>>> print(open('target-v8.txt').read())   # compact mmCIF, C-alpha atoms and all ligand atoms
# COMPACT_ATOMS: atom_id res chain seq x y z
CA MET A 1 120.81 84.53 127.96
CA MET A 2 121.04 87.22 125.26
CA ARG A 3 124.61 87.41 124.04
CA GLN A 4 124.09 88.10 120.35
CA ILE A 5 121.30 90.14 118.82
CA VAL A 6 120.77 90.33 115.07
CA ILE A 7 118.94 93.27 113.51
CA ALA A 8 117.47 92.45 110.09
CA GLY A 9 117.18 95.72 108.16
CA GLY A 10 119.31 98.77 108.93
CA SER A 11 117.01 101.67 108.09
CA ASN A 12 114.87 103.70 110.40
CA ALA A 13 113.43 100.99 112.68
CA GLY A 14 116.70 99.02 112.67
CA LEU A 15 118.79 102.03 113.67
CA SER A 16 116.31 102.96 116.38
CA ALA A 17 116.45 99.41 117.78
CA ALA A 18 120.27 99.47 117.77
CA ARG A 19 120.35 102.77 119.64
CA GLU A 20 117.86 101.55 122.23
CA LEU A 21 119.71 98.27 122.86
CA ARG A 22 122.83 100.21 123.79
CA ARG A 23 120.91 102.90 125.68
CA ALA A 24 119.29 100.16 127.75
CA GLY A 25 122.71 98.75 128.61
CA PHE A 26 122.93 95.68 126.36
CA ASP A 27 126.65 95.02 126.07
CA GLY A 28 126.62 91.86 123.96
CA ARG A 29 127.29 91.56 120.22
CA VAL A 30 124.91 93.31 117.80
CA VAL A 31 125.05 92.36 114.12
CA LEU A 32 122.94 94.25 111.57
CA LEU A 33 122.32 93.13 108.00
CA ASP A 34 120.88 95.20 105.16
CA ALA A 35 120.63 94.55 101.43
CA ASP A 36 121.11 98.24 100.67
CA ALA A 37 124.65 99.58 100.93
CA GLN A 38 123.30 103.14 101.44
CA SER A 39 120.89 102.63 104.35
CA PRO A 40 119.98 104.48 106.52
CA TYR A 41 118.72 107.69 104.98
CA ARG A 42 115.73 109.97 105.33
CA ARG A 43 113.40 107.96 103.14
CA PRO A 44 110.59 110.58 103.25
CA GLU A 45 112.87 112.87 101.22
CA VAL A 46 112.85 110.34 98.35
CA SER A 47 109.56 111.82 97.11
CA LYS A 48 110.30 115.37 98.28
CA GLY A 49 113.68 117.13 98.52
CA LEU A 50 115.68 114.44 96.76
CA LEU A 51 113.32 114.18 93.82
CA SER A 52 112.94 117.93 93.44
CA GLY A 53 116.72 118.41 93.65
CA LYS A 54 116.45 120.68 96.70
CA LEU A 55 118.48 118.12 98.67
CA ASP A 56 121.34 116.02 97.37
CA GLU A 57 122.02 112.43 98.46
CA GLY A 58 124.60 113.54 101.02
CA ARG A 59 122.02 115.70 102.82
CA VAL A 60 119.52 112.84 102.91
CA ALA A 61 121.94 110.26 104.34
CA ILE A 62 121.79 109.50 108.07
CA GLU A 63 125.23 109.14 109.54
CA TRP A 64 125.54 105.89 111.46
CA PRO A 65 126.45 106.71 115.08
CA GLY A 66 130.05 105.64 115.58
CA ASN A 67 129.64 104.77 119.26
CA LEU A 68 127.01 102.03 118.91
CA GLU A 69 129.45 99.17 118.38
CA VAL A 70 127.25 97.43 115.85
CA GLU A 71 128.74 95.13 113.22
CA ARG A 72 127.04 96.28 110.06
CA LEU A 73 126.90 93.85 107.16
CA MET A 74 125.71 96.11 104.36
CA GLY A 75 124.96 94.77 100.87
CA HIS A 76 123.81 91.53 102.54
CA ARG A 77 120.40 90.36 101.27
CA LEU A 78 118.58 88.21 103.81
CA VAL A 79 117.12 85.13 102.17
CA ARG A 80 116.03 82.93 105.07
CA LEU A 81 115.22 82.75 108.76
CA ASP A 82 115.94 79.35 110.29
CA LEU A 83 114.18 79.35 113.65
CA GLY A 84 115.32 75.78 114.46
CA ARG A 85 119.00 76.71 114.19
CA ARG A 86 118.30 80.27 115.36
CA GLN A 87 120.15 81.89 112.49
CA VAL A 88 119.52 84.21 109.58
CA GLU A 89 120.94 83.48 106.16
CA ALA A 90 122.03 86.13 103.68
CA ILE A 91 123.75 86.51 100.32
CA ARG A 92 126.59 89.00 100.00
CA ALA A 93 126.93 91.31 96.99
CA ASP A 94 129.71 89.00 95.65
CA GLY A 95 127.33 86.01 95.80
CA GLY A 96 128.77 84.36 98.93
CA ASP A 97 126.51 82.87 101.63
CA VAL A 98 126.51 84.15 105.19
CA GLN A 99 124.87 82.60 108.25
CA VAL A 100 124.53 84.66 111.40
CA PRO A 101 123.31 83.01 114.62
CA PHE A 102 121.26 84.96 117.14
CA ASP A 103 119.85 84.75 120.64
CA GLY A 104 117.54 87.67 119.88
CA LEU A 105 116.32 88.96 116.53
CA VAL A 106 114.76 92.29 115.50
CA ILE A 107 112.92 92.06 112.17
CA ALA A 108 112.96 95.52 110.57
CA THR A 109 112.93 94.84 106.84
CA GLY A 110 110.36 97.54 106.06
CA ALA A 111 108.38 97.43 102.87
CA ARG A 112 108.85 97.69 99.10
CA ALA A 113 106.83 99.42 96.43
CA ARG A 114 103.98 97.34 95.06
CA PRO A 115 105.23 96.15 91.66
CA VAL A 116 103.81 97.48 88.38
CA PRO A 117 100.91 95.16 87.54
CA PHE A 118 100.48 96.17 83.89
CA GLY A 119 102.55 93.61 81.98
CA PRO A 120 106.27 93.98 81.25
CA ARG A 121 107.88 97.12 82.73
CA LEU A 122 108.60 99.55 79.88
CA PRO A 123 111.44 102.08 80.05
CA GLY A 124 110.05 105.32 81.50
CA VAL A 125 107.84 103.47 84.02
CA HIS A 126 108.84 103.84 87.65
CA THR A 127 108.01 102.89 91.21
CA LEU A 128 109.44 104.89 94.11
CA ARG A 129 110.88 103.65 97.38
CA SER A 130 114.65 104.19 97.49
CA VAL A 131 117.33 106.76 96.72
CA GLU A 132 118.16 104.73 93.63
CA ASP A 133 114.52 104.90 92.46
CA ALA A 134 114.53 108.69 93.01
CA ARG A 135 117.72 109.01 90.95
CA GLY A 136 116.11 107.20 88.01
CA LEU A 137 112.80 109.05 88.22
CA ARG A 138 114.47 112.42 88.57
CA LYS A 139 116.58 111.81 85.48
CA ASP A 140 113.49 110.88 83.44
CA LEU A 141 111.47 113.81 84.85
CA ARG A 142 114.11 116.27 83.69
CA GLU A 143 113.63 115.12 80.09
CA ALA A 144 109.87 114.58 80.21
CA ARG A 145 106.99 116.83 79.27
CA ARG A 146 103.98 114.72 80.22
CA VAL A 147 103.89 112.77 83.46
CA VAL A 148 101.15 110.33 84.45
CA ILE A 149 100.97 109.16 88.06
CA VAL A 150 98.91 106.06 88.78
CA GLY A 151 97.69 106.28 92.38
CA GLY A 152 96.61 109.38 94.28
CA GLY A 153 98.03 108.40 97.67
CA PHE A 154 100.64 110.41 99.55
CA ILE A 155 103.62 109.36 97.45
CA GLY A 156 101.76 109.87 94.15
CA LEU A 157 100.57 113.32 95.24
CA GLU A 158 103.99 114.40 96.49
CA VAL A 159 105.52 113.42 93.17
CA ALA A 160 102.72 115.23 91.33
CA ALA A 161 103.60 118.38 93.29
CA VAL A 162 107.32 118.03 92.51
CA ALA A 163 106.66 117.39 88.80
CA ALA A 164 104.22 120.32 88.57
CA GLU A 165 106.81 122.60 90.18
CA LEU A 166 109.35 121.38 87.62
CA GLY A 167 106.94 122.63 84.94
CA GLN A 168 105.63 119.25 83.75
CA ASP A 169 102.19 118.51 82.44
CA VAL A 170 100.91 116.19 85.21
CA THR A 171 97.93 113.85 85.42
CA VAL A 172 97.08 111.75 88.48
CA VAL A 173 94.82 108.73 87.97
CA GLU A 174 93.00 107.75 91.17
CA LYS A 175 90.60 104.82 91.37
CA ASP A 176 88.48 106.31 94.20
CA LYS A 177 86.13 109.30 94.05
CA VAL A 178 88.79 111.60 95.51
CA PRO A 179 92.49 111.19 96.27
CA LEU A 180 93.10 110.23 99.92
CA GLY A 181 89.33 109.80 100.31
CA SER A 182 89.56 106.29 101.74
CA VAL A 183 92.04 107.50 104.37
CA LEU A 184 90.99 111.05 105.19
CA GLY A 185 87.44 111.29 103.88
CA ALA A 186 85.67 113.39 101.28
CA SER A 187 86.30 116.93 102.56
CA PHE A 188 90.03 116.43 102.96
CA GLY A 189 90.17 114.70 99.57
CA ALA A 190 88.32 117.61 97.95
CA TYR A 191 90.72 120.09 99.54
CA VAL A 192 93.77 118.21 98.26
CA THR A 193 92.21 117.86 94.80
CA ALA A 194 91.62 121.63 94.64
CA LEU A 195 95.19 122.28 95.81
CA HIS A 196 96.61 120.19 92.97
CA ARG A 197 94.24 121.61 90.37
CA SER A 198 95.27 125.12 91.37
CA HIS A 199 98.81 124.11 90.37
CA GLY A 200 97.64 122.82 86.99
CA VAL A 201 97.60 119.11 87.86
CA ARG A 202 94.80 117.07 86.27
CA ILE A 203 93.16 114.61 88.66
CA VAL A 204 91.22 111.79 87.00
CA THR A 205 89.06 110.14 89.66
CA GLY A 206 87.27 106.81 89.43
CA GLY A 207 89.93 105.90 86.86
CA SER A 208 91.14 102.38 86.34
CA VAL A 209 94.27 101.65 84.33
CA ALA A 210 93.93 98.93 81.68
CA GLY A 211 97.56 98.95 80.55
CA LEU A 212 100.54 100.90 79.32
CA VAL A 213 101.07 102.00 75.72
CA PRO A 214 104.55 101.45 74.28
CA GLY A 215 105.95 103.98 71.80
CA PRO A 216 107.94 103.07 68.63
CA SER A 217 111.22 102.99 70.59
CA GLY A 218 109.74 100.65 73.22
CA ARG A 219 109.58 103.41 75.85
CA VAL A 220 106.27 104.12 77.50
CA ALA A 221 104.14 106.54 75.47
CA GLY A 222 100.86 106.47 77.36
CA VAL A 223 98.45 104.92 79.81
CA ARG A 224 95.24 103.20 78.71
CA LEU A 225 92.24 103.72 80.97
CA VAL A 226 89.32 101.33 81.22
CA GLY A 227 86.55 102.93 79.14
CA GLY A 228 88.45 106.20 78.65
CA GLU A 229 90.75 108.04 76.27
CA PRO A 230 94.42 107.04 76.57
CA LEU A 231 96.65 109.52 78.38
CA ALA A 232 99.90 110.44 76.61
CA ALA A 233 102.95 110.11 78.85
CA ASP A 234 106.74 110.35 78.64
CA VAL A 235 107.09 109.17 82.24
CA VAL A 236 104.75 107.06 84.35
CA LEU A 237 104.98 106.60 88.11
CA VAL A 238 103.03 103.68 89.52
CA ALA A 239 102.39 104.52 93.19
CA ILE A 240 99.80 101.98 94.27
CA GLY A 241 100.99 101.17 97.75
CA SER A 242 103.61 98.85 99.16
CA LEU A 243 104.16 95.30 100.31
CA PRO A 244 105.82 94.32 103.60
CA GLY A 245 109.42 93.08 103.29
CA VAL A 246 108.69 89.46 104.22
CA ASP A 247 109.99 87.56 101.16
CA TRP A 248 112.88 86.16 103.17
CA LEU A 249 110.48 84.88 105.85
CA ILE A 250 108.12 82.93 103.62
CA ASP A 251 109.34 79.47 104.70
CA SER A 252 110.16 80.46 108.30
CA GLY A 253 106.88 79.18 109.69
CA LEU A 254 105.92 82.68 110.88
CA ASP A 255 102.58 84.26 110.02
CA VAL A 256 103.50 86.88 107.39
CA THR A 257 100.09 87.26 105.76
CA ASP A 258 100.21 91.07 105.89
CA GLY A 259 103.49 91.79 107.58
CA VAL A 260 105.07 89.92 110.48
CA ARG A 261 102.32 89.06 112.93
CA CYS A 262 103.13 90.21 116.47
CA ASP A 263 101.33 90.53 119.77
CA ARG A 264 100.75 93.88 121.50
CA THR A 265 104.37 93.92 122.70
CA CYS A 266 105.85 93.51 119.21
CA ALA A 267 106.87 89.93 120.06
CA VAL A 268 106.56 87.81 116.94
CA ALA A 269 103.85 85.19 117.25
CA GLY A 270 105.30 81.67 117.46
CA ALA A 271 108.97 82.58 117.96
CA ASP A 272 110.79 83.20 121.25
CA GLY A 273 113.25 86.08 121.33
CA VAL A 274 112.07 87.52 118.02
CA VAL A 275 110.47 90.97 117.69
CA ALA A 276 109.45 93.11 114.73
CA ALA A 277 109.19 96.87 114.17
CA GLY A 278 108.46 99.46 111.52
CA ASP A 279 106.70 99.04 108.18
CA VAL A 280 107.08 95.25 108.28
CA ALA A 281 105.36 94.70 111.65
CA ALA A 282 101.67 93.90 112.07
CA TRP A 283 101.08 94.26 115.79
CA TRP A 284 98.05 94.46 118.03
CA ASN A 285 97.76 98.16 118.84
CA PRO A 286 96.00 98.41 122.23
CA LEU A 287 94.86 101.96 121.41
CA TYR A 288 92.56 100.71 118.66
CA SER A 289 92.21 97.08 119.78
CA ARG A 290 93.17 95.78 116.41
CA LEU A 291 96.03 94.50 114.31
CA MET A 292 97.79 97.33 112.51
CA ARG A 293 100.69 97.75 110.13
CA VAL A 294 101.76 101.37 109.93
CA GLU A 295 104.00 102.84 107.25
CA HIS A 296 105.09 106.08 108.88
CA TRP A 297 108.51 107.36 109.86
CA THR A 298 107.83 108.24 113.50
CA ASN A 299 106.07 104.96 114.18
CA ALA A 300 109.13 103.06 112.91
CA VAL A 301 111.43 105.04 115.24
CA GLU A 302 109.22 104.53 118.28
CA GLN A 303 108.43 100.91 117.54
CA GLY A 304 112.11 100.07 116.87
CA ALA A 305 112.95 101.37 120.35
CA TYR A 306 110.03 99.56 122.00
CA ALA A 307 110.89 96.27 120.25
CA ALA A 308 114.50 96.51 121.46
CA ARG A 309 113.32 96.93 125.06
CA ARG A 310 110.91 94.01 124.56
CA LEU A 311 113.81 91.79 123.59
CA LEU A 312 115.64 92.73 126.79
CA GLY A 313 112.51 92.33 128.94
CA LEU A 314 112.51 96.06 129.80
CA HIS A 315 109.32 96.97 127.95
CA ASP A 316 106.03 98.42 129.13
CA PRO A 317 103.82 95.30 129.45
CA ALA A 318 100.76 97.34 128.36
CA GLY A 319 102.18 97.02 124.85
CA PHE A 320 103.24 99.38 122.10
CA VAL A 321 100.41 101.90 122.31
CA SER A 322 100.62 104.12 119.25
CA ALA A 323 98.68 107.05 117.82
CA PRO A 324 100.69 107.02 114.60
CA TYR A 325 101.86 110.40 113.34
CA PHE A 326 102.67 111.27 109.75
CA TRP A 327 103.26 114.29 107.59
CA SER A 328 103.26 114.98 103.87
CA ASP A 329 104.60 118.05 102.06
CA GLN A 330 102.94 119.28 98.88
CA TYR A 331 103.61 122.74 97.34
CA GLY A 332 105.02 123.99 100.62
CA ALA A 333 101.85 123.00 102.47
CA ARG A 334 102.31 120.51 105.30
CA LEU A 335 99.61 117.94 105.85
CA GLN A 336 99.75 116.13 109.22
CA SER A 337 97.79 113.49 110.99
CA ILE A 338 97.85 112.00 114.47
CA GLY A 339 96.16 108.66 115.08
CA SER A 340 94.60 106.26 112.62
CA SER A 341 91.45 107.22 110.72
CA LEU A 342 91.03 103.69 109.37
CA GLY A 343 87.43 102.54 109.62
CA HIS A 344 86.07 105.98 110.59
CA ASP A 345 82.32 106.45 110.35
CA ALA A 346 82.32 110.21 110.95
CA ALA A 347 84.56 113.06 109.82
CA LEU A 348 84.03 116.35 111.64
CA THR A 349 85.56 119.58 110.36
CA LEU A 350 87.00 121.37 113.41
CA GLU A 351 88.53 124.33 111.58
CA SER A 352 88.28 125.58 108.02
CA ASP A 353 89.78 128.99 107.81
CA GLY A 354 91.43 130.14 104.55
CA PRO A 355 94.07 127.57 103.64
CA LYS A 356 93.84 125.95 107.10
CA LEU A 357 91.82 122.77 107.54
CA VAL A 358 91.48 120.51 110.61
CA VAL A 359 89.31 117.39 110.55
CA ALA A 360 88.59 114.90 113.35
CA TYR A 361 87.75 111.26 112.58
CA ALA A 362 85.67 109.08 114.84
CA ARG A 363 84.16 105.64 115.06
CA ALA A 364 81.15 104.79 117.20
CA GLY A 365 81.35 108.24 118.78
CA ARG A 366 84.98 108.04 119.89
CA LEU A 367 87.90 109.95 118.47
CA LEU A 368 90.27 108.00 116.20
CA SER A 369 92.52 110.68 114.73
CA VAL A 370 92.91 114.31 113.73
CA ALA A 371 94.36 115.52 110.43
CA GLY A 372 95.10 119.01 109.21
CA ILE A 373 96.80 121.11 106.61
CA HIS A 374 98.59 124.37 107.45
CA ALA A 375 97.70 123.40 111.02
CA SER A 376 100.72 121.90 112.83
CA ALA A 377 99.95 123.23 116.30
CA ALA A 378 96.26 122.35 116.07
CA VAL A 379 96.90 118.76 114.97
CA MET A 380 99.59 118.09 117.56
CA GLY A 381 97.43 119.80 120.19
CA HIS A 382 94.90 116.97 119.80
CA ARG A 383 97.43 114.23 120.49
CA SER A 384 96.41 113.55 124.09
CA GLN A 385 92.72 113.49 123.09
CA VAL A 386 93.49 110.90 120.41
CA LEU A 387 95.51 108.85 122.92
CA SER A 388 92.61 108.93 125.36
CA ARG A 389 90.07 108.25 122.57
CA ILE A 390 87.73 110.88 123.97
CA SER A 391 84.12 111.02 122.89
CA ILE A 392 83.16 113.30 120.03
CA GLU A 393 80.83 115.29 122.31
CA ASP A 394 83.71 116.02 124.69
CA LEU A 395 85.91 116.98 121.76
CA GLU A 396 83.28 119.39 120.44
CA CYS A 397 83.02 120.99 123.89
CA ALA A 398 86.80 121.33 124.08
CA VAL A 399 87.32 123.13 120.73
C1 LIG B 401 108.85 107.80 98.98
C2 LIG B 401 108.46 107.73 100.43
C3 LIG B 401 108.06 108.88 101.11
C4 LIG B 401 107.67 108.80 102.45
N1 LIG B 401 107.29 109.94 103.08
C5 LIG B 401 106.89 109.88 104.37
C6 LIG B 401 106.46 111.05 105.05
O1 LIG B 401 106.42 112.14 104.49
N2 LIG B 401 106.07 110.95 106.35
C7 LIG B 401 106.07 109.74 107.01
O2 LIG B 401 105.70 109.69 108.18
N3 LIG B 401 106.50 108.61 106.40
C8 LIG B 401 106.90 108.66 105.10
N4 LIG B 401 107.33 107.51 104.46
C9 LIG B 401 107.35 106.24 105.22
C10 LIG B 401 108.66 106.05 105.98
O3 LIG B 401 109.76 106.35 105.17
C11 LIG B 401 108.72 104.60 106.46
O4 LIG B 401 107.64 104.40 107.35
C12 LIG B 401 110.03 104.26 107.14
O5 LIG B 401 111.10 104.36 106.26
C13 LIG B 401 109.96 102.84 107.69
O6 LIG B 401 111.17 102.47 108.24
P1 LIG B 401 111.56 100.91 108.35
O7 LIG B 401 112.92 100.90 108.95
O8 LIG B 401 110.46 100.17 108.96
O9 LIG B 401 111.59 100.40 106.84
P2 LIG B 401 112.44 100.85 105.58
O10 LIG B 401 112.79 102.28 105.64
O11 LIG B 401 111.68 100.35 104.39
O12 LIG B 401 113.78 100.02 105.71
C14 LIG B 401 113.85 98.64 105.58
C15 LIG B 401 115.30 98.25 105.41
O13 LIG B 401 115.37 96.84 105.31
C16 LIG B 401 116.20 96.49 104.24
N5 LIG B 401 115.75 95.19 103.72
C17 LIG B 401 114.53 94.89 103.22
N6 LIG B 401 114.48 93.58 102.85
C18 LIG B 401 115.72 93.09 103.10
C19 LIG B 401 116.31 91.80 102.93
N7 LIG B 401 115.65 90.77 102.42
N8 LIG B 401 117.61 91.66 103.28
C20 LIG B 401 118.30 92.69 103.83
N9 LIG B 401 117.79 93.91 104.01
C21 LIG B 401 116.52 94.11 103.65
C22 LIG B 401 116.05 97.61 103.23
O14 LIG B 401 117.17 97.68 102.37
C23 LIG B 401 115.92 98.82 104.13
O15 LIG B 401 117.15 99.42 104.41
C24 LIG B 401 107.71 107.55 103.12
C25 LIG B 401 108.09 106.40 102.43
C26 LIG B 401 108.47 106.48 101.10
C27 LIG B 401 108.88 105.23 100.37
>>> encode(input="target-v8.txt", output="structure tokens", more="lines below")
Ligand SMILES: Cc1cc2nc3c(=O)[nH]c(=O)nc-3n(C[C@H](O)[C@H](O)[C@H](O)COP(=O)(O)OP(=O)(O)OC[C@H]3O[C@@H](n4cnc5c(N)ncnc54)[C@H](O)[C@@H]3O)c2cc1C
Amino acid sequence: MMRQIVIAGGSNAGLSAARELRRAGFDGRVVLLDADAQSPYRRPEVSKGLLSGKLDEGRVAIEWPGNLEVERLMGHRLVRLDLGRRQVEAIRADGGDVQVPFDGLVIATGARARPVPFGPRLPGVHTLRSVEDARGLRKDLREARRVVIVGGGFIGLEVAAVAAELGQDVTVVEKDKVPLGSVLGASFGAYVTALHRSHGVRIVTGGSVAGLVPGPSGRVAGVRLVGGEPLAADVVLVAIGSLPGVDWLIDSGLDVTDGVRCDRTCAVAGADGVVAAGDVAAWWNPLYSRLMRVEHWTNAVEQGAYAARRLLGLHDPAGFVSAPYFWSDQYGARLQSIGSSLGHDAALTLESDGPKLVVAYARAGRLLSVAGIHASAAVMGHRSQVLSRISIEDLECAV
């Protein structure tokens, strides 16, 4: 009998799970714990409006719905899951221990930025995940002239766009042949490279960072490249991906190799009454017949809701079938994608008209995903085709 449900992590997936529990009629106790006193907020704005200063922290905050009747223990860092006793253990901001028992548990502890791997972290070197990180980076950006961004993924490129618009001298160092190439292929990568270059951003491809150069004051003064000239920098952002928030689960006995391992219904493998959702969850996505961990806003909302229903036994037994959607904003251009291009063996340009670009990705002749820039309606218009994984021939006939 489910009388008490604990939600671990009170951001996007956690809030969505809480809403769904109540919407589905669960009238027992719900306790939510989060290390961050500020959660939830619109995390995508951390590298966009908040960093540029177009939005202040108040505009980025998500107001917690007053009618959910959730006991929120904010500033509580989870340190352990004891499956034998069926309780989570946390440390309060004042250092005190807290144990919270559960009948059902939603794991929604998201992800954290991959730490800087180049020796001790010098002042002026940043990673970006939270409002607090954005505050620090924004302060340094205001005083900087030369910005080096290590990593040409979405977050690195969004920050490059913000810094370029602030008038900084910006260099992005990307280890692949083109930024986003491993995700969206060569033509999309070339388009994004040209977009950034047209705004004065230097893109160094095939670049590998050997280390950071400290200045006389101890602040960062540059980035050393393997076999290349050092790049001078007043500020460095290291945006090389993220790690799932599983530190507190390490000795729980759960498989947390790359996120919390779940079945197709978001039920955590090896634990009754435990589900996971959002950036932390590695679940078997029936749409692609493989294990996936997705770090996108909409996926976290939808999966949080599905996981809550799973806990109550009200879920669709077919599983959490997801064609993950994401967007990225750079220089006022919106890039969008529906589905997962991972492992694609063909990229087919569907439209290339002025600034508009639409590309379809396929594997073994079947559609995986569609991505576009300046092409909202076109991308979203392909959603049902992605969900039905139509053949590339049928797609070509349809466009
Ligand atoms: C800079 C940035 C820009 C992004 N931009 C986009 C975008 O444009 N489009 C898009 O689709 N997606 C974007 N994303 C991804 C999107 O924000 C995430 O997919 C989404 O926030 C995931 O929600 P979540 O609830 O799973 O995890 P999170 O938002 O990471 O939340 C996890 C919560 O768990 C808490 N927590 C973690 N560990 C513990 C612990 N041990 N104890 C207690 N609490 C803990 C954290 O404090 C946090 O509140 C962006 C992400 C970042 C970082």
>>> axis_aligned_box(input="target-v8.txt", around="ligand LIG 401 (chain B)", padding_each_side="8 Å", output="JSON")
{"center_x": 112.0, "center_y": 101.5, "center_z": 104.0, "size_x": 28.6, "size_y": 37.4, "size_z": 26.0}
>>> residues_around(input="target-v8.txt", residues="A:Glu229", least_positions_apart="5", cutoff="12 Å", atoms="all atoms listed in the file", output="JSON, numbers by chain")
{"A": [204, 207, 208, 209, 210, 213, 222, 223, 224]}
>>> atom_distance(input="target-v8.txt", atom1="atom CA of A:Ala375", atom2="atom CA of A:Thr298")
18.4 Å
>>> closest_residue(input="target-v8.txt", among="A:Gly270, A:Gly372, A:Gly200, A:Gly319", to="A:Ala164", atoms="only C-alpha atoms")
A:Gly200
>>> atom_distance(input="target-v8.txt", atom1="atom C11 of ligand LIG 401 (chain B)", atom2="atom CA of A:Arg138")
20.4 Å
>>> residues_near_point(input="target-v8.txt", point="(109.0, 85.6, 103.9)", cutoff="12 Å", atoms="only C-alpha atoms", output="list of chain:residue names")
A:Leu78, A:Val79, A:Arg80, A:Leu81, A:Asp82, A:Ile107, A:Thr109, A:Ala111, A:Leu243, A:Pro244, A:Gly245, A:Val246, A:Asp247, A:Trp248, A:Leu249, A:Ile250, A:Asp251, A:Ser252, A:Gly253, A:Leu254, A:Asp255, A:Val256, A:Thr257, A:Asp258, A:Gly259, A:Val260, A:Arg261, A:Val280
>>> atom_distance(input="target-v8.txt", atom1="atom N4 of ligand LIG 401 (chain B)", atom2="atom CA of A:Pro179")
17.3 Å
>>> residues_around(input="target-v8.txt", residues="A:Cys262", least_positions_apart="6", cutoff="10 Å", atoms="all atoms listed in the file", output="list in words")
Leu254, Asp255, Val256, Val268, Ala269, Gly270, Ala271, Val274, Val275, Ala276, Ala277, Ala281, Ala282, Trp283, Trp284, Asn285, Leu291 and Met292 of chain A
>>> residues_near_point(input="target-v8.txt", point="(118.4, 84.4, 123.7)", cutoff="10 Å", atoms="all atoms listed in the file", output="ChimeraX atom specification")
/A:1-5,86,102-105,272-274,311-312
>>> closest_residue(input="target-v8.txt", among="A:Arg42, A:Arg142, A:Arg309, A:His315", to="A:Asn12", atoms="all atoms listed in the file")
A:Arg42
>>> closest_residue(input="target-v8.txt", among="A:Gln87, A:Ser217, A:Thr127, A:Ser322", to="A:Val238", atoms="only C-alpha atoms")
A:Thr127
>>> closest_residue(input="target-v8.txt", among="A:Ala134, A:Val30, A:Ala305, A:Ala194", to="ligand LIG 401 (chain B)", atoms="all atoms listed in the file")
A:Ala134
>>> closest_residue(input="target-v8.txt", among="A:Thr205, A:Gln303, A:Ser369, A:Thr171", to="ligand LIG 401 (chain B)", atoms="only C-alpha atoms and all ligand atoms")
A:Gln303
>>> closest_residue(input="target-v8.txt", among="A:Val98, A:Leu68, A:Leu342, A:Ile240", to="A:Phe26", atoms="all atoms listed in the file")
A:Leu68
>>> residues_around(input="target-v8.txt", residues="A:Glu165", least_positions_apart="3", cutoff="10 Å", atoms="all atoms listed in the file", output="list in words")
Ser52, Val159, Ala160, Ala161, Val162, Gln168, Asp169, His199, Gly200 and Tyr331 of chain A
>>> residues_around(input="target-v8.txt", residues="A:Ala333", least_positions_apart="5", cutoff="12 Å", atoms="only C-alpha atoms", output="list in words")
Glu158, Ala161, Tyr191, Val192, Leu195, His196, Trp327, Ser328, Pro355, Lys356, Leu357, Gly372, Ile373, His374, Ala375 and Ser376 of chain A
>>> residues_around(input="target-v8.txt", residues="A:Gly365", least_positions_apart="4", cutoff="10 Å", atoms="only C-alpha atoms", output="list of chain:residue names")
A:His344, A:Asp345, A:Ala346, A:Tyr361, A:Arg389, A:Ile390, A:Ser391, A:Ile392, A:Glu393
